[in-house]
Amino acid sequence: MLDPDTRTGLIYIDVENRDLKLKPGMHARVSIVASSHDAMVVPLSSIMERDKSEFVFTVDPAAGTASRQFIRTGIRTNDAVEVINGLADDAQVITIGSRMIAEGTQLEVTVADWKLPPATALVASEPDTGSASAD
């Protein structure tokens with residue numbers, strides 16, 4: 001049961017500790033995975049907000065200009081955000097310098113593959129569920 005004031009709770013887990021690096025009373029911040037699914041994700045740094053609406057800039061390939069795309073977002077990690085709708089599967093999202101452009105800005109595009117590091121795979125989880133005790 002979580003404490004409603006601190007949003008923390010005490011849990012007990014079995015952890016392999018061959019090196020004896022974990023000591024009684026140590027704490028850890030954990031995320032509990034509720035479910036996972038394939039999702040379209042963009043770097044957190046590419047998302048901007050205006051009037052409580054979120055958007056990204058994409059490249060209009062025909063004109064070579066920036067195009068604002070309003071999106072609906074879902075799950076967030078430290079560096080990635082799920083895009084639920086508002087973005088085509090093949091959209092080229094502007095990830096660097098997007099705060100320095102506006103709708104219709106002429107662009108010189110450099111394409112880079114952006115991949116999530118394996119340790120930060122996007123999964124549905126409870127945000128900062130609190131501390132776990134190694135007692």
# chains A, B, ... in the order shown; residues from 1 in each chain; ligands from 1
$ residues_around --residues "region 69-78 of chain A" --least-positions-apart "4" --cutoff "7 Å" --atoms "only C-alpha atoms" --output "compact mmCIF listing (two decimals) with C-alpha atoms, in the first residue's frame"
# COMPACT_ATOMS: atom_id res chain seq x y z
CA GLU A 54 2.08 19.42 -27.49
CA PHE A 55 3.72 19.46 -30.90
CA VAL A 56 6.85 18.56 -32.79
CA PHE A 57 8.34 20.04 -35.92
CA THR A 58 8.66 17.71 -38.86
CA GLU A 82 5.23 7.79 -26.91
CA VAL A 83 3.22 9.47 -29.68
CA ILE A 84 -0.35 8.16 -29.67
CA ASN A 85 -1.58 10.15 -32.67
CA GLY A 86 -0.88 13.16 -34.85
CA LEU A 87 2.30 11.91 -36.50
CA LEU A 122 9.55 2.30 -23.49
CA ALA A 124 4.08 1.31 -19.32
$ closest_residue --among "A:Thr8, A:Arg18, A:Ala63, A:Met1" --to "Ser31 (chain A)" --atoms "only C-alpha atoms"
A:Thr8
$ closest_residue --among "A:Met100, A:Ala66, A:Ile11, A:Val59" --to "Arg29 (chain A)" --atoms "only C-alpha atoms"
A:Ile11
$ select_by_dssp --residues "region 24-120 of chain A" --states "helix (DSSP H, G or I)" --output "list in words"
Leu44, Ser45, Ser46, Ser98, Arg99, Met100, Pro118, Ala119 and Thr120 of chain A
$ select_by_dssp --residues "region 12-131 of chain A" --states "strand (DSSP E)" --output "CSV table (one decimal) with N, CA and C atoms, in the first residue's frame"
chain,number,residue,atom,x,y,z
A,27,HIS,N,18.3,1.3,0.0
A,27,HIS,CA,17.1,1.7,-0.7
A,27,HIS,C,17.3,1.8,-2.2
A,28,ALA,N,16.3,1.6,-2.9
A,28,ALA,CA,16.4,1.7,-4.4
A,28,ALA,C,15.1,2.4,-4.9
A,29,ARG,N,15.3,3.1,-6.1
A,29,ARG,CA,14.1,3.7,-6.8
A,29,ARG,C,13.8,2.7,-7.9
A,33,VAL,N,6.7,-2.5,-14.0
A,33,VAL,CA,6.2,-2.6,-15.3
A,33,VAL,C,4.8,-3.2,-15.3
A,34,ALA,N,3.8,-2.4,-15.8
A,34,ALA,CA,2.4,-2.9,-15.8
A,34,ALA,C,2.1,-3.6,-17.1
A,35,SER,N,2.7,-3.1,-18.2
A,35,SER,CA,2.5,-3.7,-19.5
A,35,SER,C,3.5,-3.1,-20.4
A,40,MET,N,5.2,4.2,-31.3
A,40,MET,CA,6.0,5.3,-32.0
A,40,MET,C,6.5,6.2,-30.9
A,41,VAL,N,7.8,6.4,-30.8
A,41,VAL,CA,8.4,7.3,-29.8
A,41,VAL,C,9.3,8.4,-30.5
A,42,VAL,N,9.4,9.5,-29.8
A,42,VAL,CA,10.3,10.6,-30.3
A,42,VAL,C,11.1,11.0,-29.1
A,43,PRO,N,12.2,11.6,-29.3
A,43,PRO,CA,13.0,12.1,-28.2
A,43,PRO,C,12.3,13.2,-27.4
A,48,MET,N,7.5,20.1,-27.9
A,48,MET,CA,7.3,21.5,-27.4
A,48,MET,C,5.8,21.7,-27.0
A,49,GLU,N,5.5,22.7,-26.3
A,49,GLU,CA,4.2,22.9,-25.8
A,49,GLU,C,3.7,24.3,-26.0
A,50,ARG,N,2.5,24.5,-26.5
A,50,ARG,CA,1.9,25.8,-26.6
A,50,ARG,C,0.4,25.7,-26.3
A,53,SER,N,-1.1,22.4,-25.5
A,53,SER,CA,-1.0,21.4,-26.6
A,53,SER,C,0.4,21.1,-26.9
A,54,GLU,N,0.7,19.8,-27.2
A,54,GLU,CA,2.1,19.4,-27.5
A,54,GLU,C,2.2,19.3,-29.0
A,55,PHE,N,3.4,19.6,-29.5
A,55,PHE,CA,3.7,19.5,-30.9
A,55,PHE,C,5.2,19.2,-31.1
A,56,VAL,N,5.5,18.7,-32.3
A,56,VAL,CA,6.9,18.6,-32.8
A,56,VAL,C,6.9,19.2,-34.1
A,57,PHE,N,8.1,19.6,-34.6
A,57,PHE,CA,8.3,20.0,-35.9
A,57,PHE,C,8.8,18.9,-36.7
A,58,THR,N,8.2,18.7,-37.9
A,58,THR,CA,8.7,17.7,-38.9
A,58,THR,C,9.1,18.4,-40.1
A,59,VAL,N,9.8,17.6,-41.0
A,59,VAL,CA,10.3,18.2,-42.3
A,59,VAL,C,9.2,17.9,-43.3
A,60,ASP,N,8.8,19.0,-44.0
A,60,ASP,CA,7.9,18.9,-45.2
A,60,ASP,C,8.9,18.6,-46.3
A,65,THR,N,10.8,22.5,-45.7
A,65,THR,CA,10.5,23.5,-44.6
A,65,THR,C,10.0,22.7,-43.4
A,66,ALA,N,10.0,23.5,-42.3
A,66,ALA,CA,9.5,22.9,-41.0
A,66,ALA,C,8.0,23.0,-41.0
A,67,SER,N,7.4,22.0,-40.5
A,67,SER,CA,5.9,21.9,-40.3
A,67,SER,C,5.6,21.5,-38.9
A,68,ARG,N,4.7,22.3,-38.3
A,68,ARG,CA,4.3,22.0,-36.9
A,68,ARG,C,3.2,20.9,-36.9
A,69,GLN,N,3.5,19.8,-36.1
A,69,GLN,CA,2.5,18.7,-36.0
A,69,GLN,C,2.1,18.6,-34.6
A,70,PHE,N,0.8,18.9,-34.3
A,70,PHE,CA,0.3,18.7,-33.0
A,70,PHE,C,0.1,17.2,-32.7
A,71,ILE,N,0.5,16.8,-31.6
A,71,ILE,CA,0.4,15.3,-31.3
A,71,ILE,C,-0.2,15.1,-29.9
A,72,ARG,N,-0.7,13.9,-29.7
A,72,ARG,CA,-1.2,13.4,-28.4
A,72,ARG,C,-0.1,12.4,-27.9
A,73,THR,N,0.3,12.6,-26.7
A,73,THR,CA,1.4,11.8,-26.2
A,73,THR,C,0.9,10.8,-25.1
A,74,GLY,N,1.7,9.8,-24.9
A,74,GLY,CA,1.4,8.8,-23.9
A,74,GLY,C,2.5,8.7,-22.9
A,75,ILE,N,3.0,7.5,-22.8
A,75,ILE,CA,4.0,7.2,-21.8
A,75,ILE,C,5.3,8.0,-22.0
A,76,ARG,N,5.9,8.4,-20.9
A,76,ARG,CA,7.2,9.1,-21.0
A,76,ARG,C,8.3,8.4,-20.2
A,80,ALA,N,12.4,9.8,-23.8
A,80,ALA,CA,11.6,9.4,-24.9
A,80,ALA,C,10.1,9.6,-24.5
A,81,VAL,N,9.3,9.9,-25.5
A,81,VAL,CA,7.8,10.0,-25.3
A,81,VAL,C,7.1,9.2,-26.4
A,82,GLU,N,6.1,8.5,-26.0
A,82,GLU,CA,5.2,7.8,-26.9
A,82,GLU,C,4.3,8.8,-27.6
A,83,VAL,N,4.2,8.6,-28.9
A,83,VAL,CA,3.2,9.5,-29.7
A,83,VAL,C,2.0,8.6,-30.0
A,84,ILE,N,0.9,9.0,-29.5
A,84,ILE,CA,-0.4,8.2,-29.7
A,84,ILE,C,-1.0,8.5,-31.0
A,85,ASN,N,-1.1,9.8,-31.4
A,85,ASN,CA,-1.6,10.1,-32.7
A,85,ASN,C,-1.1,11.5,-33.1
A,124,ALA,N,5.0,0.7,-20.2
A,124,ALA,CA,4.1,1.3,-19.3
A,124,ALA,C,4.5,1.0,-17.9
A,125,SER,N,4.7,2.0,-17.1
A,125,SER,CA,5.1,1.8,-15.7
A,125,SER,C,4.6,2.9,-14.8
A,131,SER,N,10.4,3.9,-3.0
A,131,SER,CA,11.6,3.2,-2.6
A,131,SER,C,11.3,1.7,-2.3
$ atom_distance --atom1 "CA of Glu108 (chain A)" --atom2 "CA of Ala91 (chain A)"
16.0 Å
$ atom_distance --atom1 "CA of Ser45 (chain A)" --atom2 "CA of Pro61 (chain A)"
21.7 Å
$ atom_distance --atom1 "CA of Val109 (chain A)" --atom2 "CA of Ile96 (chain A)"
10.5 Å
